[in-house]
$ cat my_file.cif   # mmCIF, C-alpha atoms and all ligand atoms
data_upload
loop_
_atom_site.label_atom_id
_atom_site.label_comp_id
_atom_site.auth_asym_id
_atom_site.auth_seq_id
_atom_site.Cartn_x
_atom_site.Cartn_y
_atom_site.Cartn_z
CA MET A 1027 75.45 82.55 63.36
CA LYS A 1028 76.12 82.25 59.64
CA THR A 1029 76.89 78.85 58.17
CA LEU A 1030 80.05 78.21 56.18
CA ARG A 1031 77.94 78.00 53.03
CA GLU A 1032 76.61 81.50 53.72
CA CYS A 1033 80.09 82.85 54.46
CA VAL A 1034 81.42 81.39 51.20
CA LYS A 1035 78.53 82.94 49.26
CA GLU A 1036 79.14 86.27 50.95
CA ALA A 1037 82.86 86.14 50.17
CA ALA A 1038 82.10 85.46 46.50
CA ASP A 1039 79.65 88.37 46.37
CA MET A 1040 82.24 90.66 47.92
CA GLY A 1041 85.04 89.47 45.63
CA VAL A 1042 87.17 88.17 48.50
CA ALA A 1043 88.23 84.70 49.68
CA ILE A 1044 88.07 82.92 53.02
CA GLY A 1045 91.39 81.70 54.44
CA HIS A 1046 91.80 78.01 55.33
CA PHE A 1047 94.71 77.16 57.62
CA ASN A 1048 95.88 73.76 58.83
CA ILE A 1049 96.82 73.20 62.44
CA SER A 1050 98.37 70.37 64.42
CA ASN A 1051 97.93 71.67 67.95
CA LEU A 1052 96.57 74.33 70.27
CA GLU A 1053 99.38 76.74 69.31
CA GLY A 1054 98.21 76.56 65.72
CA PHE A 1055 94.65 77.13 66.80
CA HIS A 1056 95.54 80.23 68.81
CA GLY A 1057 97.68 81.61 66.00
CA VAL A 1058 94.93 81.23 63.39
CA TYR A 1059 92.03 82.28 65.58
CA GLY A 1060 94.01 85.21 67.00
CA ALA A 1061 94.64 86.61 63.53
CA ALA A 1062 91.07 86.08 62.30
CA LYS A 1063 89.65 87.68 65.42
CA LYS A 1064 91.94 90.68 65.11
CA LEU A 1065 90.75 91.28 61.54
CA ASN A 1066 87.19 90.13 62.26
CA VAL A 1067 86.95 87.87 59.21
CA PRO A 1068 85.60 84.32 58.89
CA VAL A 1069 88.17 81.56 58.93
CA VAL A 1070 88.39 77.81 58.35
CA ILE A 1071 90.64 75.53 60.37
CA GLY A 1072 91.78 72.49 58.44
CA LEU A 1073 92.82 69.09 59.71
CA SER A 1074 94.32 66.53 57.35
CA GLU A 1075 93.92 62.87 58.30
CA GLY A 1076 97.24 62.95 60.18
CA GLU A 1077 96.49 66.27 61.89
CA GLU A 1078 93.03 65.03 62.82
CA ASP A 1079 94.46 61.89 64.42
CA PHE A 1080 96.97 63.95 66.38
CA VAL A 1081 94.59 66.68 67.59
CA GLY A 1082 91.60 64.37 68.06
CA LYS A 1083 88.27 64.81 66.30
CA SER A 1084 86.22 65.51 69.43
CA GLU A 1085 88.84 67.87 70.83
CA ALA A 1086 88.93 69.88 67.61
CA ILE A 1087 85.17 70.06 67.35
CA GLY A 1088 84.90 71.00 71.02
CA MET A 1089 87.24 73.95 70.46
CA ILE A 1090 85.67 75.25 67.26
CA LYS A 1091 82.03 74.83 68.25
CA GLU A 1092 82.56 76.37 71.66
CA ILE A 1093 84.29 79.42 70.18
CA ARG A 1094 81.69 79.78 67.46
CA GLU A 1095 78.79 79.63 69.86
CA LYS A 1096 80.18 81.48 72.86
CA GLU A 1097 82.12 84.16 70.98
CA ASN A 1098 79.64 84.26 68.10
CA PHE A 1099 82.60 84.10 65.72
CA PRO A 1100 82.49 82.55 62.21
CA ILE A 1101 85.16 79.87 62.63
CA PHE A 1102 84.67 76.51 60.90
CA LEU A 1103 86.28 73.10 60.85
CA ASN A 1104 87.24 71.28 57.67
CA ALA A 1105 88.43 67.68 57.31
CA ASP A 1106 91.15 68.33 54.75
CA HIS A 1107 92.10 65.67 52.16
CA HIS A 1108 90.41 62.57 53.43
CA TYR A 1109 91.18 59.61 51.26
CA SER A 1110 88.39 57.08 51.87
CA PHE A 1111 84.64 57.02 52.40
CA GLU A 1112 85.23 55.57 55.87
CA ARG A 1113 87.40 58.53 56.92
CA VAL A 1114 84.95 61.02 55.40
CA LYS A 1115 82.05 59.36 57.20
CA ALA A 1116 83.89 59.41 60.53
CA SER A 1117 84.51 63.17 60.21
CA ILE A 1118 80.90 63.84 59.20
CA ASP A 1119 79.70 61.80 62.18
CA ALA A 1120 82.08 63.63 64.50
CA GLY A 1121 80.61 67.02 63.54
CA PHE A 1122 82.92 68.65 60.98
CA ASP A 1123 81.43 71.55 59.01
CA ALA A 1124 83.10 70.55 55.75
CA ILE A 1125 84.97 67.55 54.41
CA ILE A 1126 87.22 67.05 51.39
CA PHE A 1127 87.20 63.69 49.75
CA ASP A 1128 90.43 63.51 47.77
CA GLY A 1129 90.15 61.00 44.98
CA ALA A 1130 92.37 62.98 42.60
CA ASN A 1131 94.68 60.01 42.22
CA LEU A 1132 91.87 57.64 41.28
CA SER A 1133 90.36 57.14 37.85
CA PHE A 1134 87.59 59.60 36.93
CA GLU A 1135 84.94 56.90 37.38
CA GLU A 1136 86.25 55.76 40.75
CA ASN A 1137 86.60 59.36 41.94
CA VAL A 1138 82.99 60.05 40.93
CA LYS A 1139 81.74 56.89 42.62
CA ILE A 1140 83.28 57.50 46.05
CA THR A 1141 82.67 61.26 45.94
CA LYS A 1142 78.98 60.61 45.25
CA GLN A 1143 78.85 58.18 48.16
CA CYS A 1144 80.34 60.89 50.42
CA VAL A 1145 77.91 63.55 49.13
CA ASP A 1146 74.91 61.27 49.67
CA TYR A 1147 76.00 60.54 53.22
CA ALA A 1148 76.59 64.24 53.95
CA ARG A 1149 73.11 65.07 52.66
CA THR A 1150 71.46 62.39 54.79
CA VAL A 1151 73.21 63.54 57.96
CA SER A 1152 72.56 67.22 57.17
CA LYS A 1153 68.86 66.45 56.85
CA ASP A 1154 68.59 64.21 59.90
CA LYS A 1155 70.66 66.36 62.23
CA LYS A 1156 69.70 69.75 60.79
CA ARG A 1157 73.28 70.54 59.84
CA ASP A 1158 74.65 72.01 56.63
CA ILE A 1159 77.70 69.89 55.78
CA LEU A 1160 79.74 70.94 52.75
CA LEU A 1161 81.39 68.26 50.65
CA GLU A 1162 84.39 69.20 48.54
CA ALA A 1163 86.23 67.03 46.05
CA GLU A 1164 89.25 67.32 43.81
CA ILE A 1165 89.87 66.70 40.16
CA GLY A 1166 93.19 67.16 38.42
CA TYR A 1167 96.30 66.56 40.52
CA ILE A 1168 97.89 69.14 42.86
CA GLY A 1169 100.36 66.75 44.46
CA SER A 1170 100.38 65.98 48.19
CA GLY A 1171 102.26 66.78 51.40
CA SER A 1172 102.68 70.18 53.08
CA ASN A 1173 106.46 70.26 53.07
CA ILE A 1174 109.40 71.88 51.32
CA LYS A 1175 110.15 70.38 47.93
CA GLU A 1176 113.20 70.90 45.73
CA SER A 1177 111.12 71.01 42.58
CA ILE A 1178 107.61 70.30 41.35
CA PRO A 1179 107.04 66.56 41.97
CA GLU A 1180 106.56 64.28 39.02
CA GLY A 1181 102.94 63.71 38.12
CA ALA A 1182 101.75 66.76 40.07
CA GLY A 1183 100.29 69.78 38.34
CA VAL A 1184 97.89 67.91 36.06
CA LEU A 1185 95.54 70.79 35.27
CA THR A 1186 91.79 70.37 35.58
CA LYS A 1187 89.86 70.33 32.32
CA PRO A 1188 86.77 72.59 32.54
CA ASP A 1189 84.45 70.18 30.70
CA GLU A 1190 85.60 67.28 32.87
CA ALA A 1191 85.05 69.42 35.99
CA LYS A 1192 81.52 70.22 34.82
CA LYS A 1193 80.76 66.56 34.30
CA PHE A 1194 82.26 65.69 37.67
CA VAL A 1195 80.13 68.28 39.47
CA GLU A 1196 76.97 67.13 37.69
CA LEU A 1197 77.60 63.47 38.47
CA THR A 1198 78.50 63.97 42.14
CA GLY A 1199 76.54 67.03 43.33
CA ILE A 1200 79.49 68.35 45.37
CA ASP A 1201 79.25 71.74 47.09
CA MET A 1202 82.77 72.94 46.32
CA LEU A 1203 85.51 71.93 43.93
CA ALA A 1204 89.29 71.92 44.36
CA PRO A 1205 90.62 72.29 40.82
CA SER A 1206 94.24 72.03 39.76
CA VAL A 1207 95.04 75.43 38.27
CA GLY A 1208 98.79 75.78 38.67
CA SER A 1209 99.51 75.55 42.40
CA ILE A 1210 101.21 72.56 44.01
CA HIS A 1211 100.96 71.30 47.60
CA GLY A 1212 104.01 72.28 49.64
CA LEU A 1213 106.66 74.94 49.10
CA ILE A 1214 108.64 74.58 45.91
CA LYS A 1215 112.26 75.73 46.17
CA SER A 1216 113.02 75.99 42.49
CA GLY A 1217 110.60 78.21 40.66
CA LYS A 1218 107.30 79.33 42.09
CA PRO A 1219 104.15 77.78 40.64
CA HIS A 1220 101.91 80.19 38.78
CA ILE A 1221 98.11 80.40 38.87
CA ASP A 1222 96.29 80.19 35.56
CA GLY A 1223 93.57 82.81 36.10
CA ALA A 1224 91.87 82.15 32.78
CA LEU A 1225 91.57 78.47 33.64
CA VAL A 1226 90.07 79.31 37.07
CA ALA A 1227 87.47 81.55 35.39
CA GLU A 1228 86.69 78.87 32.82
CA ILE A 1229 86.18 76.17 35.49
CA LYS A 1230 84.05 78.56 37.52
CA LYS A 1231 81.89 79.28 34.49
CA PHE A 1232 81.55 75.60 33.62
CA THR A 1233 80.77 74.35 37.14
CA GLY A 1234 78.98 77.29 38.78
CA ILE A 1235 80.03 76.22 42.29
CA PRO A 1236 82.55 77.73 44.75
CA LEU A 1237 86.17 76.86 43.94
CA VAL A 1238 88.90 76.20 46.49
CA LEU A 1239 92.57 76.89 45.88
CA HIS A 1240 94.93 74.35 47.42
CA GLY A 1241 98.70 74.61 47.67
CA GLY A 1242 98.64 78.35 48.38
CA SER A 1243 101.93 78.42 50.29
CA GLY A 1244 104.68 80.30 48.50
CA LEU A 1245 102.51 81.83 45.80
CA ARG A 1246 103.04 85.49 44.88
CA ASP A 1247 100.50 88.03 46.10
CA GLU A 1248 99.35 88.72 42.56
CA ASP A 1249 98.67 85.02 42.02
CA PHE A 1250 96.25 85.12 44.93
CA THR A 1251 94.49 88.26 43.71
CA THR A 1252 94.22 86.78 40.21
CA ALA A 1253 92.80 83.57 41.67
CA ILE A 1254 90.21 85.43 43.75
CA LYS A 1255 89.20 87.68 40.86
CA SER A 1256 88.79 84.61 38.65
CA GLY A 1257 86.46 82.79 41.05
CA ILE A 1258 88.32 81.23 43.99
CA SER A 1259 86.34 81.42 47.26
CA ILE A 1260 88.57 79.61 49.77
CA ILE A 1261 92.38 79.51 49.87
CA HIS A 1262 94.41 76.85 51.67
CA ILE A 1263 97.65 77.69 53.45
CA SER A 1264 99.54 75.03 55.37
CA THR A 1265 103.27 74.76 54.67
CA GLU A 1266 103.93 78.44 55.42
CA ILE A 1267 102.44 77.96 58.89
CA ARG A 1268 104.44 74.80 59.52
CA LEU A 1269 107.60 76.60 58.53
CA ALA A 1270 106.87 79.63 60.73
CA TYR A 1271 106.10 77.36 63.69
CA ASP A 1272 109.20 75.25 63.18
CA GLU A 1273 111.58 78.21 62.86
CA ALA A 1274 110.13 80.12 65.80
CA LEU A 1275 110.16 77.06 68.05
CA LYS A 1276 113.75 76.12 67.20
CA LYS A 1277 114.85 79.71 67.83
CA SER A 1278 112.94 79.88 71.10
CA LEU A 1279 114.58 76.66 72.33
CA ALA A 1280 118.04 77.81 71.23
CA ASP A 1281 117.63 81.27 72.77
CA ASN A 1282 116.35 79.98 76.12
CA PRO A 1283 118.13 76.69 76.83
CA ASN A 1284 117.15 76.76 80.51
CA GLU A 1285 113.48 77.50 79.99
CA THR A 1286 111.20 74.56 80.81
CA THR A 1287 107.78 76.23 80.87
CA PRO A 1288 105.95 75.08 77.73
CA TYR A 1289 103.76 78.18 77.34
CA LYS A 1290 106.84 80.39 77.50
CA ILE A 1291 108.78 78.27 75.03
CA LEU A 1292 105.81 78.08 72.69
CA GLN A 1293 104.53 81.66 72.70
CA PRO A 1294 106.91 82.81 69.91
CA ALA A 1295 105.62 79.94 67.76
CA VAL A 1296 102.03 81.10 68.28
CA ASP A 1297 103.04 84.66 67.41
CA ALA A 1298 104.84 83.49 64.27
CA ILE A 1299 101.78 81.58 63.05
CA GLU A 1300 99.54 84.54 63.84
CA LYS A 1301 101.74 86.84 61.79
CA VAL A 1302 101.66 84.59 58.71
CA VAL A 1303 97.90 84.10 58.98
CA GLU A 1304 97.23 87.80 59.51
CA ASN A 1305 99.17 88.75 56.37
CA ARG A 1306 97.42 86.13 54.28
CA LEU A 1307 93.96 87.05 55.61
CA LYS A 1308 94.55 90.71 54.83
CA LEU A 1309 95.44 89.84 51.27
CA PHE A 1310 92.55 87.39 50.79
CA ASN A 1311 90.04 89.85 52.25
CA GLY A 1312 91.29 92.87 50.34
CA MET A 1313 92.34 94.72 53.49
ZN ZN A 1401 95.15 70.70 49.86
#

$ encode --input "my_file.cif" --output "structure tokens"
Amino acid sequence: MKTLRECVKEAADMGVAIGHFNISNLEGFHGVYGAAKKLNVPVVIGLSEGEEDFVGKSEAIGMIKEIREKENFPIFLNADHHYSFERVKASIDAGFDAIIFDGANLSFEENVKITKQCVDYARTVSKDKKRDILLEAEIGYIGSGSNIKESIPEGAGVLTKPDEAKKFVELTGIDMLAPSVGSIHGLIKSGKPHIDGALVAEIKKFTGIPLVLHGGSGLRDEDFTTAIKSGISIIHISTEIRLAYDEALKKSLADNPNETTPYKILQPAVDAIEKVVENRLKLFNGM
């Protein structure tokens, strides 16, 4: 079975990107895995701190590892936006394949300091337990929260400076970088964010490591293709899935007021997630 590092390298060589999708429950898992399996492409499941607490670390790892080993399918688990060394450590200890330390709101020095601490710990555990844990960090500010926003939140959208990114990568030794290149977390109602392809290419050239695009929900197809062409290797989608789940579930409940069987009520929500994920995966994988 290929490691996530190998899959990311392969995606870069092929000029495609791996999809990363956040889930909060088993319905989300089935929707994402169902789509990836149908298209036979690698996929990353993401759990933010809140999602991780709700799903349970051991439960999530049990699901992903079991599928990966028994089905021989390249599915990986990422601890998305973890905000402290303690939370990062707990996810590394639990068995996550990749972890994002998000210190984008801290000063450059503080971000470097904690990121380095996370990288060092990931390396130690990788060596001791013969794992290959990827540590991602963020510089520049993409905003936070996978929800619907009226407009781009104040303070968000601080673009990453290529020379600062280079310095950050050198000082921390991270495996992957989440730069701020025009996208914003969440879905923006007024005016879609736009990806700065030239900036992505510049950061890629300066850092030489895989780049991850956050805040993918709501972007135009051409923004994604530009991003991939310019050097993005993983793309995060969360809000679009939440929205699909929410709408399908509300409709299912409204359409079948007497239905009490959870798997019947919830099937349309699984299907809705699968549809969103399938469309995004096709685009990211050039299918
Ligand atoms: Zn993100």

$ residues_around --input "my_file.cif" --residues "Ala1253 (chain A)" --least-positions-apart "5" --cutoff "9 Å" --atoms "all atoms listed in the file" --output "PDB file with C-alpha atoms, in the coordinates of the input"
ATOM      1  CA  ILE A1221      98.110  80.400  38.870  1.00  0.00           C
ATOM      2  CA  ASP A1222      96.290  80.190  35.560  1.00  0.00           C
ATOM      3  CA  GLY A1223      93.570  82.810  36.100  1.00  0.00           C
ATOM      4  CA  VAL A1226      90.070  79.310  37.070  1.00  0.00           C
ATOM      5  CA  ALA A1227      87.470  81.550  35.390  1.00  0.00           C
ATOM      6  CA  LEU A1239      92.570  76.890  45.880  1.00  0.00           C
ATOM      7  CA  GLU A1248      99.350  88.720  42.560  1.00  0.00           C
ATOM      8  CA  ILE A1258      88.320  81.230  43.990  1.00  0.00           C
ATOM      9  CA  SER A1259      86.340  81.420  47.260  1.00  0.00           C
TER      10      SER A1259
END

$ closest_atom_pairs --input "my_file.cif" --of "chain A" --to "ligand ZN 1401 (chain A)" --cutoff "12 Å" --atoms "only C-alpha atoms and all ligand atoms" --output "JSON lines"
{"residue": "A:His1046", "atom": "CA", "partner": "A:ZN1401", "partner_atom": "ZN", "distance": 9.7}
{"residue": "A:Phe1047", "atom": "CA", "partner": "A:ZN1401", "partner_atom": "ZN", "distance": 10.1}
{"residue": "A:Asn1048", "atom": "CA", "partner": "A:ZN1401", "partner_atom": "ZN", "distance": 9.5}
{"residue": "A:Gly1072", "atom": "CA", "partner": "A:ZN1401", "partner_atom": "ZN", "distance": 9.4}
{"residue": "A:Leu1073", "atom": "CA", "partner": "A:ZN1401", "partner_atom": "ZN", "distance": 10.2}
{"residue": "A:Ser1074", "atom": "CA", "partner": "A:ZN1401", "partner_atom": "ZN", "distance": 8.6}
{"residue": "A:Glu1075", "atom": "CA", "partner": "A:ZN1401", "partner_atom": "ZN", "distance": 11.6}
{"residue": "A:Asn1104", "atom": "CA", "partner": "A:ZN1401", "partner_atom": "ZN", "distance": 11.1}
{"residue": "A:Ala1105", "atom": "CA", "partner": "A:ZN1401", "partner_atom": "ZN", "distance": 10.5}
{"residue": "A:Asp1106", "atom": "CA", "partner": "A:ZN1401", "partner_atom": "ZN", "distance": 6.7}
{"residue": "A:His1107", "atom": "CA", "partner": "A:ZN1401", "partner_atom": "ZN", "distance": 6.3}
{"residue": "A:His1108", "atom": "CA", "partner": "A:ZN1401", "partner_atom": "ZN", "distance": 10.1}
{"residue": "A:Tyr1109", "atom": "CA", "partner": "A:ZN1401", "partner_atom": "ZN", "distance": 11.9}
{"residue": "A:Ile1125", "atom": "CA", "partner": "A:ZN1401", "partner_atom": "ZN", "distance": 11.6}
{"residue": "A:Ile1126", "atom": "CA", "partner": "A:ZN1401", "partner_atom": "ZN", "distance": 8.9}
{"residue": "A:Phe1127", "atom": "CA", "partner": "A:ZN1401", "partner_atom": "ZN", "distance": 10.6}
{"residue": "A:Asp1128", "atom": "CA", "partner": "A:ZN1401", "partner_atom": "ZN", "distance": 8.9}
{"residue": "A:Gly1129", "atom": "CA", "partner": "A:ZN1401", "partner_atom": "ZN", "distance": 12.0}
{"residue": "A:Ala1130", "atom": "CA", "partner": "A:ZN1401", "partner_atom": "ZN", "distance": 11.0}
{"residue": "A:Glu1162", "atom": "CA", "partner": "A:ZN1401", "partner_atom": "ZN", "distance": 10.9}
{"residue": "A:Ala1163", "atom": "CA", "partner": "A:ZN1401", "partner_atom": "ZN", "distance": 10.4}
{"residue": "A:Glu1164", "atom": "CA", "partner": "A:ZN1401", "partner_atom": "ZN", "distance": 9.1}
{"residue": "A:Ile1165", "atom": "CA", "partner": "A:ZN1401", "partner_atom": "ZN", "distance": 11.7}
{"residue": "A:Tyr1167", "atom": "CA", "partner": "A:ZN1401", "partner_atom": "ZN", "distance": 10.3}
{"residue": "A:Ile1168", "atom": "CA", "partner": "A:ZN1401", "partner_atom": "ZN", "distance": 7.7}
{"residue": "A:Gly1169", "atom": "CA", "partner": "A:ZN1401", "partner_atom": "ZN", "distance": 8.5}
{"residue": "A:Ser1170", "atom": "CA", "partner": "A:ZN1401", "partner_atom": "ZN", "distance": 7.2}
{"residue": "A:Gly1171", "atom": "CA", "partner": "A:ZN1401", "partner_atom": "ZN", "distance": 8.3}
{"residue": "A:Ser1172", "atom": "CA", "partner": "A:ZN1401", "partner_atom": "ZN", "distance": 8.2}
{"residue": "A:Asn1173", "atom": "CA", "partner": "A:ZN1401", "partner_atom": "ZN", "distance": 11.8}
{"residue": "A:Leu1203", "atom": "CA", "partner": "A:ZN1401", "partner_atom": "ZN", "distance": 11.4}
{"residue": "A:Ala1204", "atom": "CA", "partner": "A:ZN1401", "partner_atom": "ZN", "distance": 8.1}
{"residue": "A:Pro1205", "atom": "CA", "partner": "A:ZN1401", "partner_atom": "ZN", "distance": 10.2}
{"residue": "A:Ser1206", "atom": "CA", "partner": "A:ZN1401", "partner_atom": "ZN", "distance": 10.2}
{"residue": "A:Ser1209", "atom": "CA", "partner": "A:ZN1401", "partner_atom": "ZN", "distance": 9.9}
{"residue": "A:Ile1210", "atom": "CA", "partner": "A:ZN1401", "partner_atom": "ZN", "distance": 8.6}
{"residue": "A:His1211", "atom": "CA", "partner": "A:ZN1401", "partner_atom": "ZN", "distance": 6.3}
{"residue": "A:Gly1212", "atom": "CA", "partner": "A:ZN1401", "partner_atom": "ZN", "distance": 9.0}
{"residue": "A:Val1238", "atom": "CA", "partner": "A:ZN1401", "partner_atom": "ZN", "distance": 9.0}
{"residue": "A:Leu1239", "atom": "CA", "partner": "A:ZN1401", "partner_atom": "ZN", "distance": 7.8}
{"residue": "A:His1240", "atom": "CA", "partner": "A:ZN1401", "partner_atom": "ZN", "distance": 4.4}
{"residue": "A:Gly1241", "atom": "CA", "partner": "A:ZN1401", "partner_atom": "ZN", "distance": 5.7}
{"residue": "A:Gly1242", "atom": "CA", "partner": "A:ZN1401", "partner_atom": "ZN", "distance": 8.5}
{"residue": "A:Ser1243", "atom": "CA", "partner": "A:ZN1401", "partner_atom": "ZN", "distance": 10.3}
{"residue": "A:Ile1260", "atom": "CA", "partner": "A:ZN1401", "partner_atom": "ZN", "distance": 11.1}
{"residue": "A:Ile1261", "atom": "CA", "partner": "A:ZN1401", "partner_atom": "ZN", "distance": 9.2}
{"residue": "A:His1262", "atom": "CA", "partner": "A:ZN1401", "partner_atom": "ZN", "distance": 6.5}
{"residue": "A:Ile1263", "atom": "CA", "partner": "A:ZN1401", "partner_atom": "ZN", "distance": 8.2}
{"residue": "A:Ser1264", "atom": "CA", "partner": "A:ZN1401", "partner_atom": "ZN", "distance": 8.3}
{"residue": "A:Thr1265", "atom": "CA", "partner": "A:ZN1401", "partner_atom": "ZN", "distance": 10.3}

$ residues_around --input "my_file.cif" --residues "Val1145 (chain A)" --least-positions-apart "3" --cutoff "8 Å" --atoms "all atoms listed in the file" --output "ChimeraX atom specification"
/A:1141-1142,1148-1149,1161,1198-1200

$ atom_distance --input "my_file.cif" --atom1 "CA of Val1069 (chain A)" --atom2 "CA of Lys1083 (chain A)"
18.3 Å

$ closest_residue --input "my_file.cif" --among "A:Lys1091, A:Lys1153, A:Lys1139, A:Lys1187" --to "Gly1166 (chain A)" --atoms "all atoms listed in the file"
A:Lys1187

$ residues_near_point --input "my_file.cif" --point "(110.7, 80.8, 74.1)" --cutoff "12 Å" --atoms "all atoms listed in the file" --output "number ranges by chain"
A: 1271, 1273-1298

$ atom_distance --input "my_file.cif" --atom1 "CA of Glu1228 (chain A)" --atom2 "CA of Val1070 (chain A)"
25.6 Å

$ closest_residue --input "my_file.cif" --among "A:Met1040, A:Val1138, A:Ser1110, A:Val1303" --to "Ile1071 (chain A)" --atoms "all atoms listed in the file"
A:Val1303

$ residues_near_point --input "my_file.cif" --point "(101.4, 74.3, 63.7)" --cutoff "7 Å" --atoms "only C-alpha atoms" --output "list of chain:residue names"
A:Ile1049, A:Ser1050, A:Asn1051, A:Glu1053, A:Gly1054, A:Ile1267, A:Arg1268, A:Tyr1271

$ closest_residue --input "my_file.cif" --among "A:Ser1117, A:Asn1305, A:Thr1186, A:Ser1177" --to "Thr1233 (chain A)" --atoms "only C-alpha atoms"
A:Thr1186

$ closest_residue --input "my_file.cif" --among "A:Val1302, A:Ile1101, A:Val1114, A:Leu1065" --to "Lys1028 (chain A)" --atoms "all atoms listed in the file"
A:Ile1101

$ atom_distance --input "my_file.cif" --atom1 "CA of Phe1102 (chain A)" --atom2 "CA of Val1081 (chain A)"
15.5 Å

$ closest_residue --input "my_file.cif" --among "A:Leu1030, A:Leu1309, A:Leu1225, A:Val1195" --to "Asn1137 (chain A)" --atoms "all atoms listed in the file"
A:Val1195

$ closest_residue --input "my_file.cif" --among "A:Phe1134, A:Tyr1059, A:Phe1310, A:Phe1111" --to "Phe1099 (chain A)" --atoms "only C-alpha atoms"
A:Tyr1059

$ decode --input "my_file.cif" --residues "region 1035-1047 of chain A" --atoms "N, CA, C and O atoms" --output "PDB file, in the first residue's frame"
ATOM      1  N   LYS A1035       3.231  12.671  -4.145  1.00  0.00           N
ATOM      2  CA  LYS A1035       4.314  12.785  -5.128  1.00  0.00           C
ATOM      3  C   LYS A1035       3.792  12.352  -6.508  1.00  0.00           C
ATOM      4  O   LYS A1035       4.035  13.013  -7.525  1.00  0.00           O
ATOM      5  N   GLU A1036       3.056  11.260  -6.506  1.00  0.00           N
ATOM      6  CA  GLU A1036       2.509  10.732  -7.748  1.00  0.00           C
ATOM      7  C   GLU A1036       1.524  11.722  -8.384  1.00  0.00           C
ATOM      8  O   GLU A1036       1.541  11.945  -9.593  1.00  0.00           O
ATOM      9  N   ALA A1037       0.692  12.323  -7.539  1.00  0.00           N
ATOM     10  CA  ALA A1037      -0.283  13.307  -8.038  1.00  0.00           C
ATOM     11  C   ALA A1037       0.449  14.482  -8.688  1.00  0.00           C
ATOM     12  O   ALA A1037       0.077  14.939  -9.777  1.00  0.00           O
ATOM     13  N   ALA A1038       1.514  14.948  -8.029  1.00  0.00           N
ATOM     14  CA  ALA A1038       2.289  16.075  -8.567  1.00  0.00           C
ATOM     15  C   ALA A1038       2.908  15.697  -9.916  1.00  0.00           C
ATOM     16  O   ALA A1038       2.861  16.477 -10.868  1.00  0.00           O
ATOM     17  N   ASP A1039       3.443  14.496  -9.992  1.00  0.00           N
ATOM     18  CA  ASP A1039       4.060  14.040 -11.249  1.00  0.00           C
ATOM     19  C   ASP A1039       3.035  13.960 -12.373  1.00  0.00           C
ATOM     20  O   ASP A1039       3.340  14.194 -13.536  1.00  0.00           O
ATOM     21  N   MET A1040       1.811  13.591 -12.004  1.00  0.00           N
ATOM     22  CA  MET A1040       0.759  13.431 -13.009  1.00  0.00           C
ATOM     23  C   MET A1040       0.028  14.732 -13.318  1.00  0.00           C
ATOM     24  O   MET A1040      -0.832  14.785 -14.197  1.00  0.00           O
ATOM     25  N   GLY A1041       0.342  15.783 -12.557  1.00  0.00           N
ATOM     26  CA  GLY A1041      -0.339  17.062 -12.763  1.00  0.00           C
ATOM     27  C   GLY A1041      -1.786  17.050 -12.305  1.00  0.00           C
ATOM     28  O   GLY A1041      -2.635  17.752 -12.856  1.00  0.00           O
ATOM     29  N   VAL A1042      -2.066  16.270 -11.251  1.00  0.00           N
ATOM     30  CA  VAL A1042      -3.418  16.244 -10.674  1.00  0.00           C
ATOM     31  C   VAL A1042      -3.317  16.571  -9.176  1.00  0.00           C
ATOM     32  O   VAL A1042      -2.217  16.760  -8.658  1.00  0.00           O
ATOM     33  N   ALA A1043      -4.470  16.636  -8.503  1.00  0.00           N
ATOM     34  CA  ALA A1043      -4.449  16.893  -7.062  1.00  0.00           C
ATOM     35  C   ALA A1043      -5.317  15.861  -6.344  1.00  0.00           C
ATOM     36  O   ALA A1043      -6.273  15.331  -6.911  1.00  0.00           O
ATOM     37  N   ILE A1044      -4.950  15.593  -5.104  1.00  0.00           N
ATOM     38  CA  ILE A1044      -5.727  14.666  -4.274  1.00  0.00           C
ATOM     39  C   ILE A1044      -6.815  15.469  -3.553  1.00  0.00           C
ATOM     40  O   ILE A1044      -6.555  16.562  -3.063  1.00  0.00           O
ATOM     41  N   GLY A1045      -8.017  14.935  -3.501  1.00  0.00           N
ATOM     42  CA  GLY A1045      -9.112  15.598  -2.798  1.00  0.00           C
ATOM     43  C   GLY A1045      -9.069  15.301  -1.308  1.00  0.00           C
ATOM     44  O   GLY A1045      -8.807  14.171  -0.894  1.00  0.00           O
ATOM     45  N   HIS A1046      -9.337  16.341  -0.509  1.00  0.00           N
ATOM     46  CA  HIS A1046      -9.408  16.212   0.955  1.00  0.00           C
ATOM     47  C   HIS A1046     -10.800  16.678   1.366  1.00  0.00           C
ATOM     48  O   HIS A1046     -11.187  17.811   1.056  1.00  0.00           O
ATOM     49  N   PHE A1047     -11.542  15.810   2.048  1.00  0.00           N
ATOM     50  CA  PHE A1047     -12.931  16.126   2.387  1.00  0.00           C
ATOM     51  C   PHE A1047     -13.172  15.917   3.877  1.00  0.00           C
ATOM     52  O   PHE A1047     -12.824  14.876   4.421  1.00  0.00           O
TER      53      PHE A1047
END
